[in-house]
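Printed here is query10.cif (mmCIF, N, CA and C atoms):
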```cif
data_work
loop_
_atom_site.label_atom_id
_atom_site.label_comp_id
_atom_site.auth_asym_id
_atom_site.auth_seq_id
_atom_site.Cartn_x
_atom_site.Cartn_y
_atom_site.Cartn_z
N PRO A 1 85.46 62.58 82.21
CA PRO A 1 86.84 62.23 82.43
C PRO A 1 86.98 60.87 83.08
N ALA A 2 88.10 60.24 82.82
CA ALA A 2 88.36 58.93 83.42
C ALA A 2 88.59 59.08 84.90
N GLN A 3 88.16 58.12 85.66
CA GLN A 3 88.39 58.13 87.09
C GLN A 3 89.84 57.78 87.38
N THR A 4 90.43 58.44 88.33
CA THR A 4 91.82 58.18 88.67
C THR A 4 91.91 57.63 90.07
N GLY A 5 93.12 57.20 90.41
CA GLY A 5 93.36 56.63 91.73
C GLY A 5 93.44 57.70 92.79
N ALA A 6 94.35 57.52 93.73
CA ALA A 6 94.49 58.42 94.86
C ALA A 6 94.88 59.82 94.42
N ARG A 7 94.42 60.79 95.16
CA ARG A 7 94.75 62.18 94.89
C ARG A 7 96.12 62.50 95.51
N PRO A 8 96.84 63.49 94.95
CA PRO A 8 98.14 63.83 95.50
C PRO A 8 98.02 64.41 96.90
N THR A 9 99.06 64.22 97.70
CA THR A 9 99.04 64.69 99.07
C THR A 9 99.86 65.95 99.26
N SER A 10 100.71 66.31 98.32
CA SER A 10 101.48 67.54 98.44
C SER A 10 101.24 68.40 97.22
N LEU A 11 101.69 69.64 97.28
CA LEU A 11 101.46 70.56 96.17
C LEU A 11 102.18 70.15 94.90
N ASN A 12 103.32 69.46 95.00
CA ASN A 12 104.10 69.09 93.83
C ASN A 12 103.85 67.66 93.35
N ALA A 13 102.94 66.95 93.99
CA ALA A 13 102.69 65.57 93.60
C ALA A 13 101.96 65.52 92.26
N PHE A 14 102.12 64.41 91.58
CA PHE A 14 101.50 64.21 90.27
C PHE A 14 100.00 64.01 90.41
N SER A 15 99.27 64.61 89.51
CA SER A 15 97.83 64.41 89.43
C SER A 15 97.44 64.34 87.97
N VAL A 16 96.64 63.36 87.61
CA VAL A 16 96.21 63.22 86.23
C VAL A 16 95.41 64.46 85.80
N ASP A 17 94.75 65.11 86.74
CA ASP A 17 93.95 66.29 86.41
C ASP A 17 94.80 67.52 86.12
N SER A 18 96.08 67.48 86.51
CA SER A 18 96.95 68.65 86.28
C SER A 18 97.93 68.43 85.13
N ILE A 19 97.85 67.30 84.45
CA ILE A 19 98.76 67.02 83.34
C ILE A 19 98.48 68.00 82.20
N PRO A 20 99.50 68.43 81.46
CA PRO A 20 99.26 69.36 80.36
C PRO A 20 98.19 68.84 79.40
N GLY A 21 97.28 69.70 79.05
CA GLY A 21 96.21 69.33 78.14
C GLY A 21 94.89 69.08 78.84
N ALA A 22 94.89 68.98 80.16
CA ALA A 22 93.65 68.81 80.91
C ALA A 22 93.07 70.19 81.17
N LEU A 23 92.06 70.54 80.40
CA LEU A 23 91.50 71.89 80.47
C LEU A 23 90.04 71.86 80.89
N PRO A 24 89.63 72.83 81.69
CA PRO A 24 88.22 72.90 82.04
C PRO A 24 87.39 73.30 80.82
N PRO A 25 86.19 72.96 80.68
CA PRO A 25 85.37 72.17 81.58
C PRO A 25 85.48 70.67 81.33
N VAL A 26 86.20 70.25 80.29
CA VAL A 26 86.27 68.83 79.95
C VAL A 26 87.19 68.06 80.89
N GLY A 27 88.31 68.65 81.26
CA GLY A 27 89.30 67.95 82.05
C GLY A 27 90.14 67.05 81.18
N VAL A 28 90.39 65.85 81.61
CA VAL A 28 91.18 64.89 80.83
C VAL A 28 90.23 64.15 79.90
N PHE A 29 90.47 64.25 78.59
CA PHE A 29 89.65 63.53 77.62
C PHE A 29 90.25 62.14 77.45
N ASP A 30 89.62 61.16 78.03
CA ASP A 30 90.13 59.80 78.03
C ASP A 30 88.97 58.81 77.95
N PRO A 31 88.30 58.74 76.79
CA PRO A 31 87.10 57.91 76.69
C PRO A 31 87.36 56.41 76.86
N LEU A 32 88.59 55.95 76.61
CA LEU A 32 88.88 54.52 76.75
C LEU A 32 89.50 54.16 78.10
N GLY A 33 89.71 55.13 78.96
CA GLY A 33 90.18 54.87 80.31
C GLY A 33 91.65 54.50 80.44
N PHE A 34 92.49 54.93 79.50
CA PHE A 34 93.92 54.64 79.60
C PHE A 34 94.55 55.27 80.83
N ALA A 35 94.11 56.48 81.21
CA ALA A 35 94.69 57.19 82.35
C ALA A 35 94.46 56.44 83.66
N ALA A 36 93.34 55.80 83.79
CA ALA A 36 93.03 55.08 85.02
C ALA A 36 93.93 53.86 85.21
N LYS A 37 94.43 53.32 84.10
CA LYS A 37 95.25 52.11 84.15
C LYS A 37 96.75 52.40 84.17
N ALA A 38 97.14 53.67 84.00
CA ALA A 38 98.55 54.01 83.83
C ALA A 38 99.13 54.63 85.10
N ASP A 39 100.40 54.31 85.34
CA ASP A 39 101.10 54.99 86.42
C ASP A 39 101.59 56.35 85.90
N GLU A 40 102.24 57.13 86.76
CA GLU A 40 102.64 58.49 86.39
C GLU A 40 103.55 58.52 85.17
N MET A 41 104.59 57.71 85.13
CA MET A 41 105.53 57.73 84.01
C MET A 41 104.89 57.27 82.71
N THR A 42 104.06 56.26 82.79
CA THR A 42 103.37 55.78 81.58
C THR A 42 102.45 56.86 81.04
N LEU A 43 101.72 57.51 81.92
CA LEU A 43 100.81 58.57 81.48
C LEU A 43 101.58 59.74 80.88
N LYS A 44 102.74 60.07 81.45
CA LYS A 44 103.56 61.14 80.88
C LYS A 44 104.09 60.75 79.50
N ARG A 45 104.44 59.48 79.31
CA ARG A 45 104.89 59.04 77.98
C ARG A 45 103.73 59.08 76.98
N TYR A 46 102.54 58.68 77.41
CA TYR A 46 101.37 58.78 76.54
C TYR A 46 101.15 60.24 76.12
N ARG A 47 101.22 61.16 77.09
CA ARG A 47 100.98 62.56 76.79
C ARG A 47 102.07 63.12 75.87
N GLU A 48 103.32 62.71 76.09
CA GLU A 48 104.42 63.15 75.22
C GLU A 48 104.16 62.68 73.79
N ALA A 49 103.78 61.43 73.62
CA ALA A 49 103.50 60.91 72.28
C ALA A 49 102.31 61.63 71.64
N GLU A 50 101.29 61.90 72.43
CA GLU A 50 100.10 62.59 71.92
C GLU A 50 100.46 64.00 71.45
N LEU A 51 101.23 64.73 72.24
CA LEU A 51 101.61 66.09 71.86
C LEU A 51 102.52 66.10 70.65
N THR A 52 103.47 65.18 70.59
CA THR A 52 104.39 65.11 69.46
C THR A 52 103.64 64.81 68.17
N HIS A 53 102.77 63.82 68.20
CA HIS A 53 102.03 63.46 66.99
C HIS A 53 101.06 64.58 66.59
N GLY A 54 100.50 65.27 67.56
CA GLY A 54 99.64 66.40 67.25
C GLY A 54 100.39 67.52 66.56
N ARG A 55 101.61 67.80 67.03
CA ARG A 55 102.42 68.85 66.40
C ARG A 55 102.80 68.47 64.97
N VAL A 56 103.17 67.22 64.76
CA VAL A 56 103.51 66.76 63.41
C VAL A 56 102.29 66.88 62.50
N GLY A 57 101.13 66.50 63.00
CA GLY A 57 99.90 66.61 62.21
C GLY A 57 99.58 68.05 61.85
N MET A 58 99.80 68.98 62.79
CA MET A 58 99.53 70.39 62.49
C MET A 58 100.48 70.92 61.43
N LEU A 59 101.76 70.55 61.54
CA LEU A 59 102.73 70.98 60.53
C LEU A 59 102.39 70.40 59.16
N ALA A 60 101.95 69.16 59.12
CA ALA A 60 101.57 68.54 57.85
C ALA A 60 100.37 69.25 57.23
N ALA A 61 99.40 69.62 58.05
CA ALA A 61 98.23 70.33 57.53
C ALA A 61 98.64 71.69 56.97
N VAL A 62 99.52 72.39 57.67
CA VAL A 62 100.00 73.69 57.17
C VAL A 62 100.76 73.48 55.85
N GLY A 63 101.56 72.43 55.77
CA GLY A 63 102.30 72.14 54.54
C GLY A 63 101.37 71.90 53.36
N PHE A 64 100.28 71.19 53.59
CA PHE A 64 99.30 70.96 52.51
C PHE A 64 98.68 72.27 52.06
N LEU A 65 98.29 73.11 53.02
CA LEU A 65 97.65 74.38 52.67
C LEU A 65 98.61 75.28 51.90
N ILE A 66 99.85 75.35 52.36
CA ILE A 66 100.84 76.19 51.67
C ILE A 66 101.11 75.63 50.28
N GLY A 67 101.24 74.32 50.15
CA GLY A 67 101.47 73.71 48.84
C GLY A 67 100.38 74.02 47.85
N GLU A 68 99.15 74.00 48.31
CA GLU A 68 98.03 74.32 47.42
C GLU A 68 98.02 75.81 47.06
N ALA A 69 98.41 76.66 48.01
CA ALA A 69 98.34 78.10 47.79
C ALA A 69 99.44 78.62 46.87
N VAL A 70 100.62 78.01 46.92
CA VAL A 70 101.76 78.57 46.16
C VAL A 70 102.15 77.70 44.97
N GLU A 71 101.30 76.80 44.55
CA GLU A 71 101.60 75.91 43.44
C GLU A 71 102.12 76.70 42.23
N SER A 72 103.33 76.41 41.83
CA SER A 72 104.03 76.99 40.67
C SER A 72 104.11 78.51 40.70
N LYS A 73 103.98 79.11 41.90
CA LYS A 73 104.07 80.57 42.01
C LYS A 73 105.30 80.99 42.80
N THR A 74 106.20 80.09 43.07
CA THR A 74 107.36 80.42 43.88
C THR A 74 108.64 80.11 43.13
N VAL A 75 109.67 80.88 43.42
CA VAL A 75 110.98 80.63 42.79
C VAL A 75 111.77 79.59 43.57
N LEU A 76 111.24 79.17 44.72
CA LEU A 76 111.96 78.20 45.55
C LEU A 76 112.30 76.93 44.77
N PHE A 77 111.37 76.45 43.97
CA PHE A 77 111.60 75.25 43.17
C PHE A 77 111.46 75.55 41.69
N ASN A 78 111.73 76.79 41.29
CA ASN A 78 111.68 77.22 39.90
C ASN A 78 110.32 76.99 39.25
N GLY A 79 109.28 76.96 40.03
CA GLY A 79 107.95 76.79 39.48
C GLY A 79 107.70 75.41 38.89
N GLU A 80 108.55 74.44 39.22
CA GLU A 80 108.43 73.10 38.64
C GLU A 80 107.46 72.20 39.39
N ILE A 81 107.03 72.60 40.56
CA ILE A 81 106.13 71.79 41.37
C ILE A 81 104.71 72.12 40.97
N SER A 82 103.94 71.10 40.63
CA SER A 82 102.57 71.33 40.20
C SER A 82 101.67 70.20 40.69
N GLY A 83 100.40 70.40 40.51
CA GLY A 83 99.43 69.39 40.90
C GLY A 83 98.99 69.55 42.33
N PRO A 84 98.15 68.62 42.80
CA PRO A 84 97.65 68.71 44.17
C PRO A 84 98.79 68.51 45.18
N ALA A 85 98.60 69.05 46.37
CA ALA A 85 99.63 69.02 47.41
C ALA A 85 100.07 67.61 47.78
N ILE A 86 99.18 66.63 47.67
CA ILE A 86 99.52 65.26 48.05
C ILE A 86 100.68 64.71 47.23
N GLY A 87 100.88 65.19 46.01
CA GLY A 87 101.95 64.68 45.16
C GLY A 87 103.13 65.63 45.00
N GLN A 88 103.10 66.76 45.68
CA GLN A 88 104.15 67.76 45.47
C GLN A 88 105.49 67.39 46.11
N LEU A 89 105.48 66.75 47.24
CA LEU A 89 106.73 66.43 47.92
C LEU A 89 107.57 65.46 47.08
N ALA A 90 106.93 64.59 46.33
CA ALA A 90 107.66 63.65 45.48
C ALA A 90 108.31 64.35 44.28
N GLN A 91 107.90 65.57 43.99
CA GLN A 91 108.44 66.28 42.83
C GLN A 91 109.66 67.14 43.16
N VAL A 92 109.96 67.36 44.42
CA VAL A 92 111.07 68.24 44.77
C VAL A 92 112.41 67.57 44.55
N ASN A 93 113.44 68.37 44.50
CA ASN A 93 114.80 67.90 44.32
C ASN A 93 115.16 66.91 45.44
N PRO A 94 115.80 65.79 45.13
CA PRO A 94 116.17 64.82 46.17
C PRO A 94 117.06 65.40 47.27
N LEU A 95 117.76 66.48 46.99
CA LEU A 95 118.59 67.11 48.00
C LEU A 95 117.74 67.64 49.16
N LEU A 96 116.49 68.02 48.87
CA LEU A 96 115.60 68.47 49.93
C LEU A 96 115.39 67.37 50.96
N TRP A 97 115.33 66.11 50.51
CA TRP A 97 115.14 65.00 51.43
C TRP A 97 116.29 64.90 52.43
N VAL A 98 117.51 65.21 51.98
CA VAL A 98 118.67 65.19 52.88
C VAL A 98 118.48 66.25 53.97
N PHE A 99 118.12 67.47 53.58
CA PHE A 99 117.91 68.54 54.55
C PHE A 99 116.71 68.25 55.45
N LEU A 100 115.65 67.70 54.88
CA LEU A 100 114.47 67.36 55.66
C LEU A 100 114.80 66.28 56.70
N GLY A 101 115.52 65.24 56.27
CA GLY A 101 115.92 64.19 57.20
C GLY A 101 116.85 64.70 58.30
N ALA A 102 117.80 65.56 57.94
CA ALA A 102 118.72 66.13 58.93
C ALA A 102 117.97 67.01 59.92
N GLY A 103 117.01 67.78 59.44
CA GLY A 103 116.22 68.63 60.32
C GLY A 103 115.38 67.82 61.30
N ILE A 104 114.77 66.77 60.81
CA ILE A 104 113.97 65.90 61.68
C ILE A 104 114.86 65.21 62.71
N ALA A 105 116.02 64.71 62.28
CA ALA A 105 116.94 64.04 63.20
C ALA A 105 117.42 65.01 64.29
N LYS A 106 117.72 66.24 63.92
CA LYS A 106 118.17 67.23 64.90
C LYS A 106 117.06 67.54 65.90
N ALA A 107 115.84 67.74 65.41
CA ALA A 107 114.71 68.04 66.30
C ALA A 107 114.45 66.89 67.26
N GLU A 108 114.50 65.66 66.76
CA GLU A 108 114.25 64.50 67.62
C GLU A 108 115.36 64.29 68.64
N SER A 109 116.61 64.52 68.25
CA SER A 109 117.71 64.34 69.21
C SER A 109 117.65 65.41 70.29
N MET A 110 117.27 66.64 69.93
CA MET A 110 117.12 67.69 70.95
C MET A 110 116.00 67.35 71.91
N ARG A 111 114.90 66.84 71.38
CA ARG A 111 113.76 66.46 72.23
C ARG A 111 114.15 65.32 73.18
N ALA A 112 114.92 64.38 72.67
CA ALA A 112 115.37 63.26 73.50
C ALA A 112 116.31 63.73 74.61
N GLU A 113 117.20 64.66 74.28
CA GLU A 113 118.13 65.18 75.29
C GLU A 113 117.41 65.94 76.39
N ILE A 114 116.34 66.65 76.03
CA ILE A 114 115.60 67.43 77.01
C ILE A 114 114.73 66.54 77.90
N GLY A 115 114.04 65.58 77.31
CA GLY A 115 113.02 64.85 78.04
C GLY A 115 113.40 63.51 78.62
N TRP A 116 114.38 62.83 78.02
CA TRP A 116 114.64 61.45 78.43
C TRP A 116 115.94 61.31 79.20
N VAL A 117 115.95 60.35 80.11
CA VAL A 117 117.15 59.99 80.85
C VAL A 117 118.08 59.24 79.89
N GLU A 118 119.38 59.50 80.02
CA GLU A 118 120.36 58.83 79.16
C GLU A 118 120.24 57.32 79.32
N PRO A 119 120.33 56.56 78.23
CA PRO A 119 120.13 55.10 78.30
C PRO A 119 121.06 54.41 79.30
N GLU A 120 122.29 54.89 79.46
CA GLU A 120 123.20 54.24 80.40
C GLU A 120 122.79 54.45 81.86
N ASN A 121 121.88 55.41 82.11
CA ASN A 121 121.43 55.69 83.48
C ASN A 121 120.03 55.15 83.77
N VAL A 122 119.51 54.33 82.88
CA VAL A 122 118.15 53.81 83.02
C VAL A 122 118.22 52.33 83.38
N PRO A 123 117.41 51.90 84.35
CA PRO A 123 117.35 50.47 84.66
C PRO A 123 116.92 49.67 83.44
N PHE A 124 117.41 48.46 83.33
CA PHE A 124 117.14 47.60 82.18
C PHE A 124 115.64 47.41 81.94
N ASP A 125 114.86 47.33 83.01
CA ASP A 125 113.44 47.05 82.89
C ASP A 125 112.58 48.30 82.69
N LYS A 126 113.21 49.49 82.53
CA LYS A 126 112.44 50.74 82.34
C LYS A 126 112.98 51.53 81.15
N PRO A 127 112.93 50.96 79.95
CA PRO A 127 113.46 51.70 78.79
C PRO A 127 112.59 52.93 78.48
N GLY A 128 113.23 53.95 77.93
CA GLY A 128 112.50 55.15 77.56
C GLY A 128 112.02 55.96 78.73
N GLN A 129 112.77 55.98 79.81
CA GLN A 129 112.35 56.68 81.02
C GLN A 129 112.50 58.19 80.86
N LEU A 130 111.43 58.92 81.18
CA LEU A 130 111.46 60.38 81.12
C LEU A 130 112.13 60.94 82.37
N ARG A 131 112.70 62.12 82.25
CA ARG A 131 113.28 62.80 83.41
C ARG A 131 112.16 63.16 84.38
N ASP A 132 112.46 63.08 85.68
CA ASP A 132 111.45 63.40 86.69
C ASP A 132 110.94 64.83 86.57
N SER A 133 111.83 65.75 86.22
CA SER A 133 111.47 67.16 86.15
C SER A 133 110.83 67.55 84.82
N TYR A 134 110.78 66.64 83.87
CA TYR A 134 110.29 66.95 82.53
C TYR A 134 108.76 66.97 82.49
N VAL A 135 108.23 68.03 81.91
CA VAL A 135 106.79 68.15 81.69
C VAL A 135 106.53 67.76 80.24
N PRO A 136 105.68 66.79 79.96
CA PRO A 136 105.45 66.37 78.58
C PRO A 136 105.15 67.53 77.65
N GLY A 137 105.88 67.56 76.53
CA GLY A 137 105.67 68.58 75.53
C GLY A 137 106.47 69.86 75.75
N ASP A 138 107.09 70.03 76.92
CA ASP A 138 107.81 71.25 77.22
C ASP A 138 109.26 71.12 76.74
N ILE A 139 109.51 71.56 75.52
CA ILE A 139 110.86 71.47 74.94
C ILE A 139 111.50 72.84 74.82
N GLY A 140 110.98 73.81 75.59
CA GLY A 140 111.55 75.15 75.60
C GLY A 140 111.17 75.97 74.38
N PHE A 141 110.11 75.59 73.72
CA PHE A 141 109.68 76.25 72.50
C PHE A 141 108.16 76.14 72.42
N ASP A 142 107.51 77.26 72.32
CA ASP A 142 106.05 77.26 72.27
C ASP A 142 105.58 78.02 71.04
N PRO A 143 105.24 77.30 69.98
CA PRO A 143 104.87 77.99 68.74
C PRO A 143 103.65 78.78 68.90
#
```
Take the structure in this file and express it as structure tokens.
Amino acid sequence: PAQTGARPTSLNAFSVDSIPGALPPVGVFDPLGFAAKADEMTLKRYREAELTHGRVGMLAAVGFLIGEAVESKTVLFNGEISGPAIGQLAQVNPLLWVFLGAGIAKAESMRAEIGWVEPENVPFDKPGQLRDSYVPGDIGFDP
């Protein structure tokens, strides 16, 4: 694990070792030492980005597996979708893109409302400030 600065002095103080995702026996996996160079808010933003991108990657992998498993065997798209999963999304009705975009926009706006301070309440030099009480990745939903 990367070496960190001073240890917390109270029970509720921030510690890089207690950030979500730091699990024994490995602890914080940080081979390039980003955690040692980051303050608390920066490290929380890094962790939020890491968790978000990980979730998107897991959903994409599931989508590929499902696409390969149900190729032309479902009534959802009238059996018109065929070929390898990498090309299936381009074959769906364009209306799906509207619903997909709306779903992504809704999910992102909910995540922003939960985790980030409203832009009008953030100092000019600290854009994208997370709420003090927000734990990275905790959006009230645990799949």
- Task: Starting from the displayed file, determine the output of the PyMOL selection byres ((chain A and resi 43-50) around 8) and express the residue list as a ChimeraX atom specification.
- Result: /A:19-20,34-35,37-42,51-56,128,130,134-138
- Query: Can you tell me how far CA of Asp125 in chain A sits from atom C of Asp30 in chain A, in Å to one decimal?
  - Reply: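 Interatomic distance here is 27.6 Å.
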- Task: Pick out the residues sitting within 9 Å of range 117-120 of chain A, and hand them over as a ChimeraX atom specification; count only C-alpha atoms, and ignore anything fewer than 5 positions along from it in its own chain.
- Result: /A:112,127-132
- Quick one: distance from CA of Ile66 in chain A to CA of Gly83 in chain A in Å, one decimal?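 Interatomic distance, CA of Ile66 in chain A to CA of Gly83 in chain A: 12.8 Å.
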- Message: Neighbouring residues of Val28 in chain A were defined as those with any atom within 7 Å, considering all atoms listed in the file; residues of the same chain fewer than 2 positions away were excluded. Please report them as number ranges by chain.
- Response: A: 1-2, 16-17, 21-23, 25-26, 30-31
- Query: Using only N, CA and C atoms, which of A:Glu68, A:Val62, A:Phe99, A:Val92 sits nearest Glu80 in chain A?
  - Reply: A:Val92
- Computed gap from CA of Gly67 in chain A to CA of Pro84 in chain A is 7.8 Å
- Task: Report the residues of chain A whose backbone DSSP state falls under strand (DSSP E or B), written as a VMD selection string.
- Result: chain A and resid 23 27 116 130
- Message: What parts of chain A does DSSP call helix (DSSP H, G or I)? I'd like the answer as a count of residues only.
- Response: 68
